[in-house]
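*Asks:* Handing you this structure, nothing more for now.
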Amino acid sequence: MKKREFIAQDLISKIYQQQFPNNKLPTQRDLADEYGVSRYTIQEALKRLSDIGIIYTVQGDGIYIKENIRSNPLIYNSMTENSYEDIISKTIYLKKVSPSLDIQKTFGLKEDNLVWEFQRIRIVKYQITQLENSVLPCNIFPMLSEEDIEGSIQNYVQKRNYITNYKSTFISKDQSKLLNCKKGSPAMEITNRGILNDGTIYQYSKILALNYNCTYIIPFNKENYEQRQKSKRY
């Protein structure tokens with residue numbers, strides 16, 4: 001993942017956790033120092049948040065979070081049309097590892113904290129459709145087994161929310177062997193962050209999905225539309 005993509009997702013995650021007082025982001029310089037990148041990278045990440053209607057800038061005052069960002073939920077995808085009886089997960093591996101710097105930032109962990117790392121395939125109606133790589137913090141899940149992985153991680157929690165990001169990609173040679181498809185097949189790469197109501201992130205995962213589609217309800221944002229029309233005129 002490119003640095004600007006990680007920063008954009010991490011900022012969205014923190015926004016949903018309400019980590020920024022008064023709905024205001026730190027300055028570009030402070031964000032650049034926090035993530036250890038250039039201001040240009042921060043500007044690219046913030047541009048993405050602005051383009052999707054999460055933040056806006058008040059000239060000379062700062063970067064603010066829009067209050068209606070929770071009103072654009074994902075309501076349907078090609079997995080949810082199937083019952084759980086039709087979805088089977090098979091574990092490729094499950095192990096404890098030391099977190100990378102990005103994973104430490106995602107979960108708010110220290111270097112000596114361990115995380116669970118696992119890979120699994122999902123089979124829908126006898127067809128392999130997804131390859132998932134996930135990370136879970138060991139301090140939230142001290143005990144985890146392959147049986148748990150092949151069930152539902154979400155059964156561990158009763159209150160949860162998701163931040164999801166999508167981008168198109170192509171299947172590599174190694175991935176094609178696991179997914180039983182041709183190398184170079186088109187797929188959707190889905191990045192998930194599972195968040196509890198108290199703001200704790202309990203899962204970070206990347207999923208490669210074949211034949212994937214999704215539908216959003218996106219309320220018309222009159223303010224954002226008018227601002228874009230104004231920018232176009234100038």
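Within each chain, counting starts at residue 1; across the structure tokens, chains are named A, B, ... in the order shown, with ligands numbered 1 upward in that order.
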Counting only C-alpha atoms, what is within 10 Å of Glu5 (chain A), bar same-chain residues fewer than 5 positions away, as a count of residues only?
*Replies:* 9
*Asks:* For Pro142 (chain A), please output as an MDAnalysis selection string all residues within 10 Å (counting only C-alpha atoms; exclusion window: fewer than 5 positions along the same chain).
*Replies:* chainID A and resid 114:116 136:137
*Asks:* Could you please take those selected residues and save all heavy atoms as a tab-separated table (two decimals), in the first residue's frame?
*Replies:*
```
chain	number	residue	atom	x	y	z
A	114	LEU	N	2.46	-8.41	20.45
A	114	LEU	CA	2.32	-9.35	19.34
A	114	LEU	C	0.93	-9.24	18.72
A	114	LEU	O	-0.02	-8.77	19.34
A	114	LEU	CB	2.55	-10.78	19.83
A	114	LEU	CG	3.95	-11.12	20.34
A	114	LEU	CD1	4.00	-12.57	20.83
A	114	LEU	CD2	5.00	-10.89	19.26
A	115	VAL	N	0.85	-9.67	17.47
A	115	VAL	CA	-0.44	-9.72	16.78
A	115	VAL	C	-0.61	-11.10	16.15
A	115	VAL	O	0.37	-11.80	15.85
A	115	VAL	CB	-0.55	-8.64	15.68
A	115	VAL	CG1	-0.53	-7.25	16.28
A	115	VAL	CG2	0.55	-8.79	14.64
A	116	TRP	N	-1.86	-11.49	16.00
A	116	TRP	CA	-2.17	-12.68	15.21
A	116	TRP	C	-2.17	-12.29	13.74
A	116	TRP	O	-2.72	-11.26	13.36
A	116	TRP	CB	-3.55	-13.22	15.55
A	116	TRP	CG	-3.70	-13.80	16.92
A	116	TRP	CD1	-4.30	-13.23	18.00
A	116	TRP	CD2	-3.28	-15.11	17.35
A	116	TRP	NE1	-4.27	-14.08	19.08
A	116	TRP	CE2	-3.65	-15.23	18.71
A	116	TRP	CE3	-2.62	-16.16	16.72
A	116	TRP	CZ2	-3.38	-16.38	19.45
A	116	TRP	CZ3	-2.36	-17.31	17.45
A	116	TRP	CH2	-2.73	-17.41	18.80
A	136	LEU	N	-4.91	-9.38	13.87
A	136	LEU	CA	-5.70	-9.12	15.08
A	136	LEU	C	-4.73	-8.93	16.25
A	136	LEU	O	-3.77	-9.69	16.38
A	136	LEU	CB	-6.63	-10.29	15.40
A	136	LEU	CG	-7.62	-10.75	14.33
A	136	LEU	CD1	-8.28	-12.05	14.75
A	136	LEU	CD2	-8.68	-9.68	14.11
A	137	PRO	N	-4.95	-7.95	17.12
A	137	PRO	CA	-4.06	-7.76	18.27
A	137	PRO	C	-4.25	-8.85	19.31
A	137	PRO	O	-5.38	-9.18	19.67
A	137	PRO	CB	-4.46	-6.38	18.82
A	137	PRO	CG	-5.86	-6.18	18.33
A	137	PRO	CD	-6.00	-6.91	17.04
```
*Asks:* Can you measure CA of Met188 (chain A) to CA of Glu132 (chain A) for me? One decimal in Å is fine.
*Replies:* 11.6 Å
*Asks:* If you count only C-alpha atoms, which residues fall within 12 Å of Gly194 (chain A), apart from same-chain ones fewer than 3 positions away, as an NGL selection string?
*Replies:* :A and (13 or 16-17 or 106-107 or 134-137 or 153-154 or 156-164 or 191 or 197-206)
*Asks:* When distances are computed from only C-alpha atoms, which of A:Asp102, A:Glu226, A:Glu85, A:Glu189 shows the smallest separation from Tyr212 (chain A)?
*Replies:* A:Glu189
*Asks:* If DSSP is run on the backbone, what residues of region 3-99 of chain A are helix (DSSP H, G or I)? A reply as a compact mmCIF listing (two decimals) with C-alpha atoms, in the first residue's frame would be ideal.
*Replies:*
```
# COMPACT_ATOMS: atom_id res chain seq x y z
CA LYS A 3 2.01 5.71 2.05
CA ARG A 4 -0.67 8.25 1.14
CA GLU A 5 -3.27 5.44 0.96
CA PHE A 6 -2.30 4.18 4.42
CA ILE A 7 -2.41 7.70 5.87
CA ALA A 8 -5.81 8.41 4.32
CA GLN A 9 -7.24 5.18 5.76
CA ASP A 10 -5.60 5.76 9.12
CA LEU A 11 -7.04 9.27 9.35
CA ILE A 12 -10.50 7.95 8.45
CA SER A 13 -10.10 5.33 11.17
CA LYS A 14 -9.18 7.97 13.75
CA ILE A 15 -12.02 10.23 12.60
CA TYR A 16 -14.50 7.41 13.22
CA PRO A 21 -11.11 17.42 19.33
CA ASN A 22 -13.59 19.96 17.94
CA ASN A 23 -13.79 17.98 14.67
CA GLN A 28 -0.25 19.45 7.59
CA ARG A 29 3.12 20.01 9.22
CA ASP A 30 2.09 18.16 12.39
CA LEU A 31 0.65 15.28 10.34
CA ALA A 32 3.85 15.09 8.29
CA ASP A 33 5.90 14.85 11.49
CA GLU A 34 3.55 12.22 12.97
CA TYR A 35 3.67 9.91 9.94
CA ARG A 39 3.90 17.52 3.35
CA TYR A 40 3.21 16.61 -0.28
CA THR A 41 2.27 13.05 0.80
CA ILE A 42 0.00 14.49 3.51
CA GLN A 43 -1.61 16.80 0.95
CA GLU A 44 -2.30 13.81 -1.32
CA ALA A 45 -3.89 11.88 1.56
CA LEU A 46 -5.99 14.88 2.59
CA LYS A 47 -7.08 15.42 -1.02
CA ARG A 48 -8.56 11.94 -1.01
CA LEU A 49 -10.50 12.67 2.19
CA SER A 50 -11.71 15.93 0.68
CA ASP A 51 -12.72 14.27 -2.59
CA ILE A 69 -19.70 11.47 7.37
CA ARG A 70 -21.45 8.57 9.10
CA SER A 71 -24.45 8.91 6.81
CA TYR A 84 -23.72 -18.10 6.29
CA GLU A 85 -24.53 -21.73 5.45
CA ASP A 86 -23.30 -21.07 1.90
```
*Asks:* Given the choices A:Ile63, A:Ser185, A:Lys173, A:Leu210, which gets closest to Val124 (chain A) if the distance is worked out from only C-alpha atoms?
*Replies:* A:Leu210
*Asks:* Applying 12 Å and only C-alpha atoms, which residues near Ser152 (chain A) remain after dropping the ones on its own chain fewer than 3 positions away? List them as an MDAnalysis selection string.
*Replies:* chainID A and resid 84:85 87:90 120 122 144:149 155:158
*Asks:* I need the strand (DSSP E or B) residues of region 130-201 of chain A per DSSP on the backbone, written as a PyMOL selection string.
*Replies:* chain A and resi 130-137+161-170+186-195+201
*Asks:* Which one is closest to Leu131 (chain A): A:Ser78, A:Glu67, A:Lys222, A:Leu208? Count only C-alpha atoms.
*Replies:*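 Going through A:Ser78, A:Glu67, A:Lys222, A:Leu208 one by one, the smallest distance to Leu131 (chain A) is for A:Leu208.
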